[in-house]
>>> print(open('work-v2.csv').read())   # CSV, C-alpha atoms and all ligand atoms
chain,number,residue,atom,x,y,z
A,1,MET,CA,-36.7,14.3,-48.6
A,2,ASP,CA,-36.3,18.1,-48.4
A,3,THR,CA,-39.3,19.8,-46.8
A,4,ILE,CA,-40.5,22.9,-48.7
A,5,ILE,CA,-41.2,25.7,-46.1
A,6,LYS,CA,-43.3,28.6,-47.3
A,7,LYS,CA,-44.5,31.6,-45.3
A,8,ILE,CA,-47.9,33.1,-45.7
A,9,THR,CA,-47.4,36.8,-46.3
A,10,ASN,CA,-50.9,38.0,-47.1
A,11,SER,CA,-49.8,39.2,-50.5
A,12,PRO,CA,-50.6,38.0,-54.0
A,13,GLU,CA,-47.6,35.6,-53.8
A,14,ASP,CA,-49.6,33.4,-51.4
A,15,LYS,CA,-51.6,32.1,-54.4
A,16,GLU,CA,-48.6,30.2,-55.6
A,17,VAL,CA,-48.1,28.7,-52.2
A,18,TYR,CA,-51.6,27.3,-52.2
A,19,GLN,CA,-51.3,26.1,-55.7
A,20,GLN,CA,-48.0,24.3,-54.9
A,21,ALA,CA,-49.5,22.8,-51.7
A,22,ALA,CA,-52.7,21.7,-53.5
A,23,GLN,CA,-50.6,20.0,-56.2
A,24,ILE,CA,-48.7,18.0,-53.5
A,25,ILE,CA,-52.0,17.0,-51.9
A,26,HIS,CA,-53.3,16.0,-55.3
A,27,ASN,CA,-50.2,13.8,-55.9
A,28,GLY,CA,-50.7,12.0,-52.6
A,29,GLY,CA,-48.1,14.0,-50.6
A,30,LEU,CA,-48.1,15.6,-47.1
A,31,VAL,CA,-48.6,19.3,-46.3
A,32,ALA,CA,-48.5,20.7,-42.8
A,33,PHE,CA,-50.7,23.8,-42.3
A,34,PRO,CA,-52.1,26.0,-39.6
A,35,THR,CA,-55.6,25.7,-38.2
A,36,GLU,CA,-57.2,27.8,-35.5
A,37,THR,CA,-56.5,25.0,-32.9
A,38,VAL,CA,-53.1,23.5,-33.7
A,39,TYR,CA,-51.1,22.8,-36.9
A,40,GLY,CA,-52.4,19.8,-38.9
A,41,LEU,CA,-50.6,17.3,-41.2
A,42,GLY,CA,-52.7,17.1,-44.3
A,43,ALA,CA,-53.2,14.6,-47.1
A,44,ASP,CA,-55.9,13.7,-49.5
A,45,GLY,CA,-58.6,12.1,-47.2
A,46,MET,CA,-60.0,9.9,-50.0
A,47,ASN,CA,-56.5,8.5,-51.0
A,48,LYS,CA,-55.6,5.4,-49.1
A,49,ALA,CA,-51.9,5.6,-49.8
A,50,ALA,CA,-51.7,9.2,-48.8
A,51,ALA,CA,-53.5,8.6,-45.5
A,52,ALA,CA,-51.1,5.7,-44.8
A,53,GLN,CA,-48.1,8.1,-45.3
A,54,ILE,CA,-49.4,10.3,-42.5
A,55,TYR,CA,-49.1,7.4,-40.0
A,56,GLN,CA,-45.6,6.8,-41.1
A,57,ALA,CA,-44.4,10.4,-40.9
A,58,LYS,CA,-45.9,10.8,-37.4
A,59,GLY,CA,-45.0,7.3,-36.1
A,60,ARG,CA,-48.7,7.0,-35.3
A,61,PRO,CA,-50.4,3.7,-34.4
A,62,SER,CA,-52.6,2.7,-37.4
A,63,ASP,CA,-55.7,2.2,-35.3
A,64,ASN,CA,-55.9,5.9,-34.5
A,65,PRO,CA,-58.2,7.5,-37.0
A,66,LEU,CA,-57.7,10.9,-38.7
A,67,ILE,CA,-60.0,13.9,-38.8
A,68,ILE,CA,-61.4,14.9,-42.2
A,69,HIS,CA,-61.2,18.7,-42.8
A,70,ILE,CA,-63.7,20.4,-45.1
A,71,ALA,CA,-64.1,24.0,-46.3
A,72,GLU,CA,-67.8,24.0,-47.0
A,73,VAL,CA,-70.9,22.2,-45.5
A,74,GLU,CA,-71.7,20.7,-48.9
A,75,GLU,CA,-68.5,18.7,-48.7
A,76,LEU,CA,-69.8,16.8,-45.8
A,77,GLY,CA,-71.9,14.8,-48.2
A,78,ARG,CA,-68.8,13.3,-49.7
A,79,VAL,CA,-68.0,11.4,-46.5
A,80,SER,CA,-71.3,10.9,-44.7
A,81,GLU,CA,-75.0,10.8,-45.5
A,82,GLU,CA,-76.3,10.5,-42.0
A,83,VAL,CA,-76.4,13.9,-40.5
A,84,ASN,CA,-79.1,14.3,-37.8
A,85,GLU,CA,-80.8,17.5,-36.6
A,86,LYS,CA,-78.6,17.9,-33.6
A,87,ALA,CA,-75.5,17.7,-35.7
A,88,LYS,CA,-77.0,20.3,-38.0
A,89,LYS,CA,-77.6,22.6,-35.1
A,90,LEU,CA,-74.0,22.2,-33.9
A,91,MET,CA,-72.7,22.8,-37.4
A,92,LYS,CA,-74.8,26.0,-37.7
A,93,GLU,CA,-73.6,27.2,-34.3
A,94,PHE,CA,-69.9,26.3,-34.3
A,95,TRP,CA,-68.7,25.7,-37.9
A,96,PRO,CA,-66.4,26.8,-39.2
A,97,GLY,CA,-64.5,26.4,-35.9
A,98,PRO,CA,-62.9,24.1,-33.3
A,99,LEU,CA,-65.5,21.3,-33.2
A,100,THR,CA,-65.2,17.9,-34.7
A,101,LEU,CA,-68.3,15.7,-35.3
A,102,ILE,CA,-68.4,12.0,-35.7
A,103,PHE,CA,-70.8,10.4,-38.3
A,104,ARG,CA,-71.3,7.1,-40.0
A,105,LYS,CA,-68.9,7.0,-42.9
A,106,LYS,CA,-69.8,6.5,-46.6
A,107,GLU,CA,-68.2,3.5,-48.3
A,108,GLU,CA,-65.9,5.8,-50.3
A,109,VAL,CA,-64.0,6.9,-47.3
A,110,PRO,CA,-61.0,4.6,-47.0
A,111,PHE,CA,-60.5,2.6,-43.8
A,112,GLU,CA,-56.9,3.9,-43.9
A,113,THR,CA,-58.4,7.4,-43.0
A,114,THR,CA,-60.7,6.1,-40.3
A,115,GLY,CA,-58.3,3.7,-38.6
A,116,GLY,CA,-60.6,0.8,-39.6
A,117,LEU,CA,-63.8,2.3,-38.1
A,118,ASP,CA,-67.0,2.7,-39.9
A,119,THR,CA,-67.4,6.2,-38.6
A,120,VAL,CA,-65.7,9.3,-39.7
A,121,ALA,CA,-64.6,12.4,-37.8
A,122,VAL,CA,-65.2,15.7,-39.7
A,123,ARG,CA,-64.4,19.3,-38.9
A,124,MET,CA,-64.5,22.6,-40.8
A,125,PRO,CA,-61.6,24.8,-39.6
A,126,SER,CA,-62.1,28.6,-39.6
A,127,HIS,CA,-58.4,29.4,-40.1
A,128,PRO,CA,-58.1,31.2,-43.5
A,129,VAL,CA,-55.0,29.3,-44.5
A,130,ALA,CA,-56.7,25.9,-43.8
A,131,GLN,CA,-59.8,27.1,-45.7
A,132,LYS,CA,-57.8,28.2,-48.7
A,133,LEU,CA,-55.7,25.1,-48.8
A,134,ILE,CA,-58.8,22.8,-48.7
A,135,LYS,CA,-60.6,24.8,-51.4
A,136,GLU,CA,-57.5,24.9,-53.7
A,137,SER,CA,-57.0,21.1,-53.2
A,138,ARG,CA,-60.6,20.3,-54.4
A,139,THR,CA,-60.7,17.3,-52.0
A,140,VAL,CA,-61.3,16.7,-48.3
A,141,ILE,CA,-58.1,16.8,-46.2
A,142,ALA,CA,-57.3,14.2,-43.6
A,143,ALA,CA,-55.2,15.8,-40.9
A,144,PRO,CA,-54.1,14.8,-37.5
A,145,SER,CA,-52.0,17.3,-35.4
A,146,ALA,CA,-48.6,17.8,-37.1
A,147,ASN,CA,-46.4,16.5,-34.3
A,148,THR,CA,-44.5,13.3,-33.8
A,149,SER,CA,-46.9,10.9,-32.1
A,150,GLY,CA,-46.9,11.3,-28.4
A,151,LYS,CA,-45.3,14.8,-28.4
A,152,PRO,CA,-47.1,18.0,-27.5
A,153,SER,CA,-49.2,19.3,-30.5
A,154,PRO,CA,-47.6,22.0,-32.6
A,155,THR,CA,-48.9,25.6,-32.1
A,156,GLN,CA,-46.3,27.2,-34.4
A,157,ALA,CA,-44.4,26.3,-37.6
A,158,SER,CA,-41.1,25.8,-35.7
A,159,HIS,CA,-42.7,23.0,-33.7
A,160,VAL,CA,-43.7,21.2,-36.9
A,161,LYS,CA,-40.2,21.7,-38.2
A,162,GLU,CA,-38.7,20.2,-35.1
A,163,ASP,CA,-40.7,17.0,-35.4
A,164,LEU,CA,-41.3,16.5,-39.1
A,165,TYR,CA,-38.6,18.2,-41.2
A,166,GLY,CA,-37.5,15.8,-43.9
A,167,LYS,CA,-40.5,13.6,-43.4
A,168,ILE,CA,-43.1,15.7,-45.1
A,169,ASP,CA,-43.3,17.4,-48.5
A,170,MET,CA,-44.3,20.9,-47.4
A,171,LEU,CA,-44.9,23.1,-44.4
A,172,ILE,CA,-47.0,26.2,-44.7
A,173,ASP,CA,-46.0,28.7,-42.0
A,174,GLY,CA,-49.0,30.8,-41.1
A,175,GLY,CA,-47.7,32.0,-37.7
A,176,ASN,CA,-48.8,31.1,-34.3
A,177,VAL,CA,-52.3,29.5,-33.9
A,178,GLY,CA,-55.0,31.2,-31.8
A,179,ILE,CA,-56.5,28.5,-29.6
A,180,GLY,CA,-53.6,26.2,-28.9
A,181,ILE,CA,-55.4,23.0,-28.0
A,182,GLU,CA,-57.1,20.5,-30.4
A,183,SER,CA,-60.8,20.7,-31.3
A,184,THR,CA,-63.7,19.4,-29.2
A,185,ILE,CA,-64.9,16.0,-30.5
A,186,MET,CA,-68.5,15.0,-30.3
A,187,ASP,CA,-69.9,11.6,-31.4
A,188,MET,CA,-73.2,12.3,-33.2
A,189,THR,CA,-73.9,8.6,-33.9
A,190,VAL,CA,-75.2,8.0,-30.3
A,191,GLU,CA,-78.1,9.5,-28.4
A,192,PRO,CA,-77.6,11.7,-26.5
A,193,PRO,CA,-74.5,12.8,-28.4
A,194,MET,CA,-71.3,12.1,-26.6
A,195,LEU,CA,-68.3,14.2,-25.8
A,196,LEU,CA,-65.1,12.3,-26.6
A,197,ARG,CA,-62.5,15.0,-26.3
A,198,PRO,CA,-63.0,18.3,-24.5
A,199,GLY,CA,-61.8,21.5,-26.3
A,200,TYR,CA,-62.4,25.1,-26.9
A,201,ILE,CA,-66.1,24.5,-27.5
A,202,THR,CA,-67.1,23.7,-23.9
A,203,MET,CA,-69.8,21.4,-22.5
A,204,PRO,CA,-72.0,24.4,-21.5
A,205,MET,CA,-71.8,25.7,-25.0
A,206,LEU,CA,-72.7,22.4,-26.5
A,207,GLU,CA,-75.6,21.9,-24.1
A,208,GLN,CA,-76.9,25.3,-24.8
A,209,ALA,CA,-77.1,24.4,-28.4
A,210,ILE,CA,-78.5,20.8,-28.3
A,211,GLY,CA,-79.6,20.1,-24.7
A,212,LYS,CA,-78.2,17.2,-22.7
A,213,ILE,CA,-75.0,15.4,-23.9
A,214,GLN,CA,-73.2,12.5,-22.4
A,215,VAL,CA,-69.5,12.3,-21.6
A,216,ASP,CA,-67.3,9.4,-22.6
A,217,PRO,CA,-66.9,7.4,-19.3
A,218,PHE,CA,-63.2,7.4,-20.1
A,219,LEU,CA,-63.1,11.2,-19.6
A,220,ALA,CA,-65.3,11.2,-16.6
A,221,GLY,CA,-63.2,8.8,-14.6
A,222,ASP,CA,-59.7,9.6,-13.4
A,223,MET,CA,-58.5,7.6,-16.4
A,224,LYS,CA,-56.6,5.2,-14.3
A,225,GLU,CA,-59.4,2.7,-14.6
A,226,PRO,CA,-59.3,0.3,-17.6
A,227,VAL,CA,-62.1,2.0,-19.5
A,228,LYS,CA,-61.5,2.1,-23.2
A,229,PRO,CA,-62.0,5.6,-24.7
A,230,LYS,CA,-64.3,5.9,-27.8
A,231,ALA,CA,-61.8,8.2,-29.5
A,232,PRO,CA,-58.9,5.7,-30.0
A,233,GLY,CA,-56.3,8.4,-29.9
A,234,MET,CA,-57.2,9.4,-26.3
A,235,LYS,CA,-55.8,6.1,-24.9
A,236,TYR,CA,-52.2,6.9,-25.9
A,237,ARG,CA,-49.7,8.7,-23.8
A,238,HIS,CA,-49.9,12.2,-25.2
A,239,TYR,CA,-48.5,15.6,-25.1
A,240,ALA,CA,-45.7,14.2,-23.1
A,241,PRO,CA,-42.6,16.4,-22.5
A,242,LYS,CA,-39.3,14.6,-22.0
A,243,ALA,CA,-39.3,15.7,-18.4
A,244,GLU,CA,-41.4,14.1,-15.6
A,245,LEU,CA,-44.3,16.4,-15.0
A,246,PHE,CA,-46.2,16.6,-11.7
A,247,ILE,CA,-49.4,18.6,-11.2
A,248,VAL,CA,-50.0,20.0,-7.7
A,249,GLU,CA,-53.6,20.6,-6.8
A,250,GLY,CA,-55.0,22.4,-3.8
A,251,GLU,CA,-55.4,25.9,-2.3
A,252,LEU,CA,-53.2,28.2,-4.4
A,253,SER,CA,-50.8,29.5,-1.7
A,254,GLN,CA,-50.2,25.9,-0.4
A,255,VAL,CA,-49.7,24.8,-4.0
A,256,VAL,CA,-47.0,27.5,-4.5
A,257,ALA,CA,-45.2,26.5,-1.3
A,258,GLU,CA,-45.3,22.8,-2.2
A,259,ILE,CA,-44.0,23.4,-5.7
A,260,ASN,CA,-41.1,25.5,-4.3
A,261,TYR,CA,-40.3,22.7,-1.9
A,262,LEU,CA,-40.5,19.9,-4.5
A,263,ALA,CA,-38.5,21.8,-7.1
A,264,GLU,CA,-35.8,22.7,-4.5
A,265,GLU,CA,-35.5,19.0,-3.4
A,266,LYS,CA,-34.9,18.0,-7.0
A,267,ARG,CA,-32.4,20.8,-7.6
A,268,LYS,CA,-30.5,19.7,-4.6
A,269,GLN,CA,-30.2,16.3,-6.1
A,270,GLY,CA,-28.7,17.9,-9.2
A,271,TYR,CA,-31.7,17.8,-11.5
A,272,LYS,CA,-32.8,20.5,-13.9
A,273,THR,CA,-36.3,21.7,-12.8
A,274,GLY,CA,-39.0,23.8,-14.3
A,275,ILE,CA,-42.1,25.4,-12.9
A,276,ILE,CA,-45.4,26.2,-14.7
A,277,ALA,CA,-46.8,29.3,-13.1
A,278,THR,CA,-49.4,31.9,-13.9
A,279,GLU,CA,-49.3,35.7,-14.0
A,280,GLU,CA,-50.9,35.7,-10.5
A,281,THR,CA,-48.3,33.4,-8.9
A,282,LYS,CA,-45.0,34.0,-10.8
A,283,GLY,CA,-43.6,36.3,-8.2
A,284,PHE,CA,-43.8,33.7,-5.5
A,285,TYR,CA,-41.5,31.1,-7.0
A,286,CYS,CA,-37.8,30.8,-6.4
A,287,GLY,CA,-35.4,29.1,-8.7
A,288,ASP,CA,-34.4,29.5,-12.3
A,289,SER,CA,-36.9,28.1,-14.8
A,290,VAL,CA,-40.3,29.6,-14.1
A,291,ARG,CA,-42.5,29.8,-17.1
A,292,VAL,CA,-45.8,31.7,-17.1
A,293,ILE,CA,-48.5,29.8,-19.0
A,294,GLY,CA,-51.1,32.5,-18.9
A,295,THR,CA,-53.4,34.4,-16.5
A,296,ARG,CA,-56.0,32.8,-14.3
A,297,LYS,CA,-58.3,35.6,-15.3
A,298,ASP,CA,-58.4,34.3,-18.9
A,299,GLU,CA,-58.4,30.5,-19.4
A,300,ALA,CA,-57.9,30.9,-23.1
A,301,SER,CA,-54.4,32.4,-22.5
A,302,ILE,CA,-53.5,29.2,-20.6
A,303,ALA,CA,-54.8,26.9,-23.4
A,304,LYS,CA,-52.9,28.9,-25.9
A,305,HIS,CA,-49.5,28.5,-24.3
A,306,LEU,CA,-49.8,25.0,-22.8
A,307,PHE,CA,-48.0,23.0,-25.5
A,308,SER,CA,-45.4,25.6,-26.3
A,309,VAL,CA,-44.4,25.8,-22.6
A,310,LEU,CA,-44.0,22.0,-22.6
A,311,ARG,CA,-41.8,22.2,-25.7
A,312,GLU,CA,-39.7,25.0,-24.2
A,313,PHE,CA,-38.9,22.8,-21.2
A,314,ASP,CA,-37.9,20.0,-23.6
A,315,LYS,CA,-35.5,22.3,-25.3
A,316,MET,CA,-33.9,23.4,-22.1
A,317,GLY,CA,-33.3,19.8,-21.1
A,318,THR,CA,-35.6,20.1,-18.0
A,319,GLU,CA,-35.9,16.8,-16.1
A,320,TYR,CA,-38.7,17.6,-13.6
A,321,ILE,CA,-41.6,20.0,-14.2
A,322,PHE,CA,-44.0,21.1,-11.5
A,323,SER,CA,-47.3,22.7,-12.6
A,324,GLU,CA,-50.2,24.4,-10.8
A,325,ALA,CA,-53.6,22.8,-11.4
A,326,PHE,CA,-56.5,24.7,-12.9
A,327,SER,CA,-60.3,24.6,-12.4
A,328,GLU,CA,-62.0,22.0,-14.6
A,329,GLU,CA,-64.9,24.3,-15.4
A,330,ASN,CA,-65.6,25.4,-19.0
A,331,LEU,CA,-62.4,25.5,-21.0
A,332,GLY,CA,-60.5,24.3,-17.9
A,333,GLN,CA,-61.9,20.8,-18.7
A,334,ALA,CA,-59.8,20.7,-21.9
A,335,ILE,CA,-56.8,22.3,-20.3
A,336,MET,CA,-56.7,19.8,-17.4
A,337,ASN,CA,-57.4,16.9,-19.8
A,338,ARG,CA,-54.2,17.7,-21.8
A,339,LEU,CA,-52.1,18.6,-18.7
A,340,ILE,CA,-53.1,15.4,-16.9
A,341,LYS,CA,-52.1,13.3,-19.9
A,342,ALA,CA,-48.8,15.2,-20.3
A,343,ALA,CA,-48.2,14.4,-16.6
A,344,GLY,CA,-49.0,10.7,-17.1
A,345,HIS,CA,-51.6,11.2,-14.3
A,346,GLN,CA,-49.0,12.2,-11.7
A,347,ILE,CA,-51.1,14.5,-9.6
A,348,ILE,CA,-50.2,15.6,-6.0
A,349,ARG,CA,-53.4,16.5,-4.1
A,350,LEU,CA,-52.8,18.7,-1.1
B,1,LIG,O1,-58.0,20.5,-33.7
B,1,LIG,C1,-57.9,19.4,-34.2
B,1,LIG,O2,-58.8,18.5,-34.1
B,1,LIG,C2,-56.6,19.1,-34.9
B,1,LIG,C3,-56.5,20.0,-36.1
B,1,LIG,C4,-55.3,19.7,-37.0
B,1,LIG,O3,-57.7,19.9,-36.8
B,1,LIG,N1,-56.5,17.7,-35.2
B,1,LIG,C5,-56.3,16.7,-34.3
B,1,LIG,O4,-56.2,15.4,-34.8
B,1,LIG,O5,-56.2,16.9,-33.1
B,1,LIG,P1,-55.6,14.2,-34.0
B,1,LIG,O6,-55.4,13.2,-35.0
B,1,LIG,O7,-54.4,14.6,-33.3
B,1,LIG,O8,-56.7,13.8,-33.1
B,1,LIG,C6,-57.9,13.2,-33.6
B,1,LIG,C7,-58.6,12.5,-32.5
B,1,LIG,C8,-58.0,11.2,-32.1
B,1,LIG,O9,-58.1,11.1,-30.6
B,1,LIG,C9,-58.8,10.1,-32.8
B,1,LIG,O10,-58.8,8.9,-32.1
B,1,LIG,C10,-60.2,10.8,-32.8
B,1,LIG,O11,-59.9,12.1,-33.1
B,1,LIG,N2,-61.0,10.3,-33.9
B,1,LIG,C11,-60.9,10.4,-35.2
B,1,LIG,N3,-61.8,9.8,-35.9
B,1,LIG,C12,-62.6,9.2,-35.0
B,1,LIG,C13,-63.8,8.3,-35.0
B,1,LIG,N4,-64.3,7.9,-36.2
B,1,LIG,N5,-64.3,7.9,-33.9
B,1,LIG,C14,-63.8,8.2,-32.7
B,1,LIG,N6,-62.7,9.0,-32.6
B,1,LIG,C15,-62.1,9.5,-33.7
B,2,MG,MG,-52.8,14.6,-32.1
>>> encode(input="work-v2.csv", output="structure tokens", more="lines below")
Ligand code: TXA
Ligand code: MG
Amino acid sequence: MDTIIKKITNSPEDKEVYQQAAQIIHNGGLVAFPTETVYGLGADGMNKAAAAQIYQAKGRPSDNPLIIHIAEVEELGRVSEEVNEKAKKLMKEFWPGPLTLIFRKKEEVPFETTGGLDTVAVRMPSHPVAQKLIKESRTVIAAPSANTSGKPSPTQASHVKEDLYGKIDMLIDGGNVGIGIESTIMDMTVEPPMLLRPGYITMPMLEQAIGKIQVDPFLAGDMKEPVKPKAPGMKYRHYAPKAELFIVEGELSQVVAEINYLAEEKRKQGYKTGIIATEETKGFYCGDSVRVIGTRKDEASIAKHLFSVLREFDKMGTEYIFSEAFSEENLGQAIMNRLIKAAGHQIIRL
């Protein structure tokens, strides 16, 4: 199949793009589109066959449920009728935005969308392109991240093209996303509500809004123990670059020295190496492929570039990547969650 690629130009012509995309969704097809977190691969969330196609295009295990995207709070009633007070508070505070909430599902929501679970994950994206697409489609849109299963999530249209060209009907190019890592996921069917995936909406922000929350033991552990995560997708190897990635943790000057040493060792053996550095440390590294992921003064800058830096190393054919570690406070929790997964838990503690 040829994938139609259309750019959003913020002109009256965009209207036709949304109409064409909505028609594809209506016919059970697949449309990739930008959200504020990462690009999503959308299909009609209430159409079994369409949801099943998403799994096929991504090569995604069928027990890994999709997130339903809505454009207005009223649409939540189509997929769930059990929305408690704490959920309402979170919705008021953080929707539209990068927060996914899990509710008991209504019968009408196909098990193909929820990976066989009787709960459903719902989020209201704030990105104007996502908003317009959902509204024009007049349905709820099931959308996982628009990458091949296991690869880093896409933060720009070219990433989606690399992974899914020829496998999906349409790609709406709305430029680079703002946040760069996927939404925070909260299970609202348990008390206290439970954090299943850290994201841009941080634990302190959630606790400020609804008081105490619990954390999925799978996240709290070092994830080497055989604890099953409550978000099925979290158990898979994820965000993985082709290279072997090692995270080096410790006092920053020692980390820099260790990374220089490790990279040099691998270079001497003839391997292509890469280093993930920050604005603060970039000047201290020797060797060719040093990539700046952001500044330590602004965690959001690190989140924003994490996946694109991993993809860049893939393109260069890098075989070993060494990365600095980051604090796990606030947004750092989500950054380290993604980085540790990308590294397959290879952490060198100094
Ligand atoms: O920011 C995001 O959330 C992006 C954009 C496109 O909205 N979407 C995204 O979807 O990251 P995906 O499919 O890559 O990740 C969805 C995660 C998976 O880990 C999945 O297991 C979990 O959400 N999930 C979905 N429904 C669930 C449910 N009913 N119970 C527990 N976990 C669920
Ligand atoms: Mg994903």
>>> residues_near_ligand(input="work-v2.csv", ligand="ligand LIG 1 (chain B)", cutoff="6 Å", atoms="only C-alpha atoms and all ligand atoms", output="VMD selection string")
chain A and resid 37 to 40 64 to 67 102 114 117 119 to 121 143 to 145 182 to 183 230 to 234
>>> residues_around(input="work-v2.csv", residues="A:Lys242", least_positions_apart="4", cutoff="9 Å", atoms="only C-alpha atoms", output="list in words")
Lys151, Leu310, Arg311, Phe313, Asp314, Gly317, Thr318, Glu319 and Tyr320 of chain A
>>> write_last_selection(input="work-v2.csv", atoms="C-alpha atoms", output="PDB file, keeping the file's coordinate frame")
ATOM      1  CA  LYS A 151     -45.300  14.800 -28.400  1.00  0.00           C
ATOM      2  CA  LEU A 310     -44.000  22.000 -22.600  1.00  0.00           C
ATOM      3  CA  ARG A 311     -41.800  22.200 -25.700  1.00  0.00           C
ATOM      4  CA  PHE A 313     -38.900  22.800 -21.200  1.00  0.00           C
ATOM      5  CA  ASP A 314     -37.900  20.000 -23.600  1.00  0.00           C
ATOM      6  CA  GLY A 317     -33.300  19.800 -21.100  1.00  0.00           C
ATOM      7  CA  THR A 318     -35.600  20.100 -18.000  1.00  0.00           C
ATOM      8  CA  GLU A 319     -35.900  16.800 -16.100  1.00  0.00           C
ATOM      9  CA  TYR A 320     -38.700  17.600 -13.600  1.00  0.00           C
TER      10      TYR A 320
END
>>> atom_distance(input="work-v2.csv", atom1="atom CA of A:Ala87", atom2="atom CA of A:Leu101")
7.5 Å
>>> residues_around(input="work-v2.csv", residues="stretch 159-163 of chain A", least_positions_apart="5", cutoff="7 Å", atoms="only C-alpha atoms", output="PyMOL selection string")
chain A and resi 146-148+154
>>> closest_residue(input="work-v2.csv", among="A:Val140, A:Leu196, A:Ile172, A:Val309", to="A:Lys228", atoms="only C-alpha atoms")
A:Leu196
>>> decode(input="work-v2.csv", residues="stretch 123-142 of chain A", atoms="N, CA and C atoms", output="compact mmCIF listing (two decimals), in the first residue's frame")
# COMPACT_ATOMS: atom_id res chain seq x y z
N ARG A 123 -7.33 8.91 27.03
CA ARG A 123 -6.58 10.17 27.16
C ARG A 123 -7.16 11.20 26.22
N MET A 124 -7.10 12.46 26.64
CA MET A 124 -7.54 13.56 25.80
C MET A 124 -6.32 14.39 25.42
N PRO A 125 -5.80 14.19 24.21
CA PRO A 125 -4.59 14.93 23.83
C PRO A 125 -4.87 16.42 23.64
N SER A 126 -3.85 17.23 23.88
CA SER A 126 -4.03 18.68 23.73
C SER A 126 -3.55 19.17 22.37
N HIS A 127 -2.83 18.32 21.64
CA HIS A 127 -2.28 18.77 20.35
C HIS A 127 -3.42 19.13 19.39
N PRO A 128 -3.36 20.32 18.78
CA PRO A 128 -4.47 20.74 17.92
C PRO A 128 -4.74 19.79 16.75
N VAL A 129 -3.71 19.16 16.20
CA VAL A 129 -3.93 18.24 15.07
C VAL A 129 -4.69 17.00 15.57
N ALA A 130 -4.29 16.47 16.71
CA ALA A 130 -4.98 15.31 17.28
C ALA A 130 -6.44 15.67 17.59
N GLN A 131 -6.62 16.82 18.19
CA GLN A 131 -7.97 17.29 18.54
C GLN A 131 -8.86 17.36 17.29
N LYS A 132 -8.32 17.99 16.25
CA LYS A 132 -9.13 18.17 15.03
C LYS A 132 -9.43 16.84 14.36
N LEU A 133 -8.45 15.96 14.34
CA LEU A 133 -8.66 14.66 13.70
C LEU A 133 -9.76 13.87 14.43
N ILE A 134 -9.70 13.86 15.76
CA ILE A 134 -10.72 13.11 16.52
C ILE A 134 -12.10 13.70 16.27
N LYS A 135 -12.18 15.03 16.32
CA LYS A 135 -13.49 15.68 16.12
C LYS A 135 -14.04 15.37 14.73
N GLU A 136 -13.18 15.49 13.72
CA GLU A 136 -13.62 15.27 12.34
C GLU A 136 -14.04 13.81 12.14
N SER A 137 -13.41 12.89 12.87
CA SER A 137 -13.70 11.46 12.70
C SER A 137 -15.01 11.04 13.37
N ARG A 138 -15.50 11.83 14.26
CA ARG A 138 -16.74 11.54 14.99
C ARG A 138 -16.76 10.17 15.65
N THR A 139 -15.59 9.74 16.08
CA THR A 139 -15.52 8.51 16.86
C THR A 139 -14.38 8.68 17.86
N VAL A 140 -14.14 7.68 18.69
CA VAL A 140 -12.97 7.74 19.56
C VAL A 140 -11.84 7.02 18.81
N ILE A 141 -10.62 7.49 19.00
CA ILE A 141 -9.51 6.93 18.22
C ILE A 141 -8.55 6.14 19.10
N ALA A 142 -8.44 4.85 18.79
CA ALA A 142 -7.47 4.01 19.49
C ALA A 142 -6.11 4.27 18.88
